[in-house]
Amino acid sequence: MFNLSESSLHLITERLHSCGWCVVDDALPAEAALALAAHAAALPNEALHRAGVGRAGQHQTLDTLRRDHIVWLDEQCMPDDIWLGAMTQLQQHLNQQLYLGLQMYEAHYARYQPGDFYGRHVDAFKGQSNRVVSTVLYLNGNWPVDNSAGGELVLYTHEASHHIKPVLARLVVFLSEGLPHEVLPAARTRHSIAGWFRAGG
Ligand code: OGA
Ligand code: MN
């Protein structure tokens with residue numbers, strides 16, 4: 001188990017409040033990041049399934065929108081509990097500081113193989129979903145500093161587009177409603193944990 005540092009908690013709270021998104025580097029201790037990265041990389045392809053798009057009942061896989069493969073984290077399993085524990089702490093902090101009323105957190109590992117992408121989308125539509133805050137933790141050691149590996153997250157804010165490389169132990173947190181984003185085609189295998197805090201029903 002580990003806790004997010006006080007400075008990370010402060011940064012996330014302050015930035016969510018002021019502009020709705022933030023990037024935290026070295027969000028977790030190296031051993032924890034490496035344990036999660038090793039676990040994600042070792043997941044057999046058979047353990048992962050195609051991610052769907054849309055809510056229950058209209059579940060569909062859209063080759064044109066997203067091509068990653070996922071598996072949900074399980075709090076009973078190591079090392080998933082490391083990450084879920086840290087997110088429980090973040091949930092409490094955000095509720096105390098920003099009164100977001102977050103009630104639960106769900107997260108999945110995602111594997112993007114070369115050529116995989118996730119086109120521009122929002123994680124929650126106003127009035128339709130109870131996803132309030134999105135998180136993405138990246139699990140890729142030695143990700144190239146140039147653009148040769150693709151796989152960047154692009155966040156589209158009112159002012160600009162922000163390109164974020166999926167480097168090990170980097171955490172991106174943003175408000176789920178109304179912040180369009182996409183994952184550019186990856187040129188090498190790319191691992192992450194994407195998660196959502198929910199409020200209400
Ligand atoms: C998602 C998502 C971003 C990323 O899974 O909804 O937007 O960088 N992921 O993996
Ligand atoms: Mn998303």
# chains A, B, ... in the order shown; residues from 1 in each chain; ligands from 1
>>> residues_around(residues="Leu90 (chain A)", least_positions_apart="4", cutoff="9 Å", atoms="only C-alpha atoms", output="number ranges by chain")
A: 3-4, 9, 85-86, 94-95
>>> write_last_selection(atoms="N, CA and C atoms", output="tab-separated table (two decimals), in the first residue's frame")
chain	number	residue	atom	x	y	z
A	3	ASN	N	0.40	5.85	-0.14
A	3	ASN	CA	-0.50	6.99	-0.25
A	3	ASN	C	0.04	7.97	-1.27
A	4	LEU	N	-0.85	8.64	-1.97
A	4	LEU	CA	-0.41	9.74	-2.82
A	4	LEU	C	0.21	10.79	-1.90
A	9	LEU	N	-1.79	15.35	-3.94
A	9	LEU	CA	-3.21	15.57	-3.60
A	9	LEU	C	-3.55	17.06	-3.75
A	85	GLY	N	-6.40	1.27	-3.61
A	85	GLY	CA	-6.24	1.90	-2.29
A	85	GLY	C	-5.87	3.37	-2.42
A	86	ALA	N	-4.98	3.67	-3.34
A	86	ALA	CA	-4.57	5.06	-3.53
A	86	ALA	C	-5.75	5.89	-4.05
A	94	LEU	N	-10.86	14.42	-2.47
A	94	LEU	CA	-11.66	15.27	-3.38
A	94	LEU	C	-13.03	15.57	-2.77
A	95	ASN	N	-13.58	14.60	-2.08
A	95	ASN	CA	-14.88	14.85	-1.44
A	95	ASN	C	-14.77	15.89	-0.34
>>> closest_atom_pairs(of="chain A", to="ligand 1", cutoff="8 Å", atoms="only C-alpha atoms and all ligand atoms", output="CSV")
residue,atom,partner,partner_atom_place_in_ligand_line,distance
A:Ala110,CA,ligand 1,10 (O),7.1
A:Tyr118,CA,ligand 1,7 (O),7.0
A:His121,CA,ligand 1,7 (O),7.4
A:Val122,CA,ligand 1,6 (O),7.6
A:Asp123,CA,ligand 1,6 (O),5.9
A:Ser134,CA,ligand 1,6 (O),7.9
A:Val136,CA,ligand 1,4 (C),6.0
A:Leu137,CA,ligand 1,10 (O),8.0
A:Tyr138,CA,ligand 1,8 (O),7.6
A:Gly151,CA,ligand 1,8 (O),7.7
A:Glu152,CA,ligand 1,8 (O),6.8
A:Leu153,CA,ligand 1,8 (O),4.6
A:Val154,CA,ligand 1,8 (O),7.8
A:Pro166,CA,ligand 1,8 (O),6.8
A:His181,CA,ligand 1,7 (O),6.3
A:Glu182,CA,ligand 1,7 (O),6.0
A:Val183,CA,ligand 1,8 (O),5.5
A:His191,CA,ligand 1,10 (O),7.8
A:Ser192,CA,ligand 1,10 (O),5.9
A:Ile193,CA,ligand 1,10 (O),7.3
A:Ala194,CA,ligand 1,5 (O),5.1
A:Gly195,CA,ligand 1,5 (O),7.5
>>> select_by_dssp(residues="region 9-44 of chain A", states="strand (DSSP E)", output="compact mmCIF listing (two decimals) with N, CA, C and O atoms, in the first residue's frame")
# COMPACT_ATOMS: atom_id res chain seq x y z
N TRP A 21 -8.34 19.83 -15.20
CA TRP A 21 -7.48 18.70 -15.54
C TRP A 21 -6.08 18.92 -14.99
O TRP A 21 -5.70 20.05 -14.69
N CYS A 22 -5.32 17.85 -14.82
CA CYS A 22 -3.93 18.01 -14.40
C CYS A 22 -3.11 16.75 -14.70
O CYS A 22 -3.65 15.67 -14.92
N VAL A 23 -1.81 16.96 -14.75
CA VAL A 23 -0.85 15.87 -14.96
C VAL A 23 0.07 15.84 -13.74
O VAL A 23 0.62 16.87 -13.36
N VAL A 24 0.20 14.66 -13.14
CA VAL A 24 1.09 14.50 -12.00
C VAL A 24 2.15 13.47 -12.36
O VAL A 24 1.82 12.31 -12.64
>>> closest_residue(among="A:Thr135, A:Gln113, A:Ser161, A:Thr189", to="ligand 2", atoms="only C-alpha atoms and all ligand atoms")
A:Thr135
>>> closest_residue(among="A:His49, A:His39, A:Arg111, A:Arg131", to="ligand 2", atoms="only C-alpha atoms and all ligand atoms")
A:Arg131
>>> atom_distance(atom1="CA of Asp25 (chain A)", atom2="CA of Met87 (chain A)")
15.8 Å
>>> closest_atom_pairs(of="region 20-106 of chain A", to="region 140-144 of chain A", cutoff="12 Å", atoms="only C-alpha atoms", output="JSON lines")
{"residue": "A:Asp26", "atom": "CA", "partner": "A:Gly141", "partner_atom": "CA", "distance": 12.0}
{"residue": "A:Ala30", "atom": "CA", "partner": "A:Gly141", "partner_atom": "CA", "distance": 10.7}
{"residue": "A:Ala33", "atom": "CA", "partner": "A:Asn140", "partner_atom": "CA", "distance": 9.4}
{"residue": "A:Leu34", "atom": "CA", "partner": "A:Gly141", "partner_atom": "CA", "distance": 8.4}
{"residue": "A:Ala35", "atom": "CA", "partner": "A:Gly141", "partner_atom": "CA", "distance": 11.6}
{"residue": "A:Leu36", "atom": "CA", "partner": "A:Asn140", "partner_atom": "CA", "distance": 10.1}
{"residue": "A:Ala37", "atom": "CA", "partner": "A:Asn140", "partner_atom": "CA", "distance": 6.8}
{"residue": "A:Ala38", "atom": "CA", "partner": "A:Asn140", "partner_atom": "CA", "distance": 9.5}
{"residue": "A:His39", "atom": "CA", "partner": "A:Asn140", "partner_atom": "CA", "distance": 11.6}
{"residue": "A:Ala40", "atom": "CA", "partner": "A:Asn140", "partner_atom": "CA", "distance": 9.6}
{"residue": "A:Ala41", "atom": "CA", "partner": "A:Asn140", "partner_atom": "CA", "distance": 9.1}
>>> write_last_selection(atoms="C-alpha atoms", output="compact mmCIF listing (two decimals), in the first residue's frame")
# COMPACT_ATOMS: atom_id res chain seq x y z
CA ASP A 26 5.88 10.28 -10.32
CA ALA A 30 8.91 3.55 -8.11
CA ALA A 33 4.74 1.76 -10.41
CA LEU A 34 7.04 -1.06 -11.44
CA ALA A 35 4.83 -3.70 -9.81
CA LEU A 36 1.76 -2.41 -11.67
CA ALA A 37 3.70 -2.09 -14.93
CA ALA A 38 5.10 -5.62 -14.65
CA HIS A 39 1.63 -6.98 -13.91
CA ALA A 40 0.04 -5.15 -16.85
CA ALA A 41 2.78 -6.30 -19.24
>>> select_by_dssp(residues="chain A", states="helix (DSSP H, G or I)", output="PyMOL selection string")
chain A and resi 6-18+30-42+45-47+80-98
>>> atom_distance(atom1="CA of Thr13 (chain A)", atom2="CA of Leu98 (chain A)")
7.4 Å
>>> closest_residue(among="A:Ala187, A:Asp116, A:Leu16, A:Trp196", to="Gln97 (chain A)", atoms="only C-alpha atoms")
A:Leu16
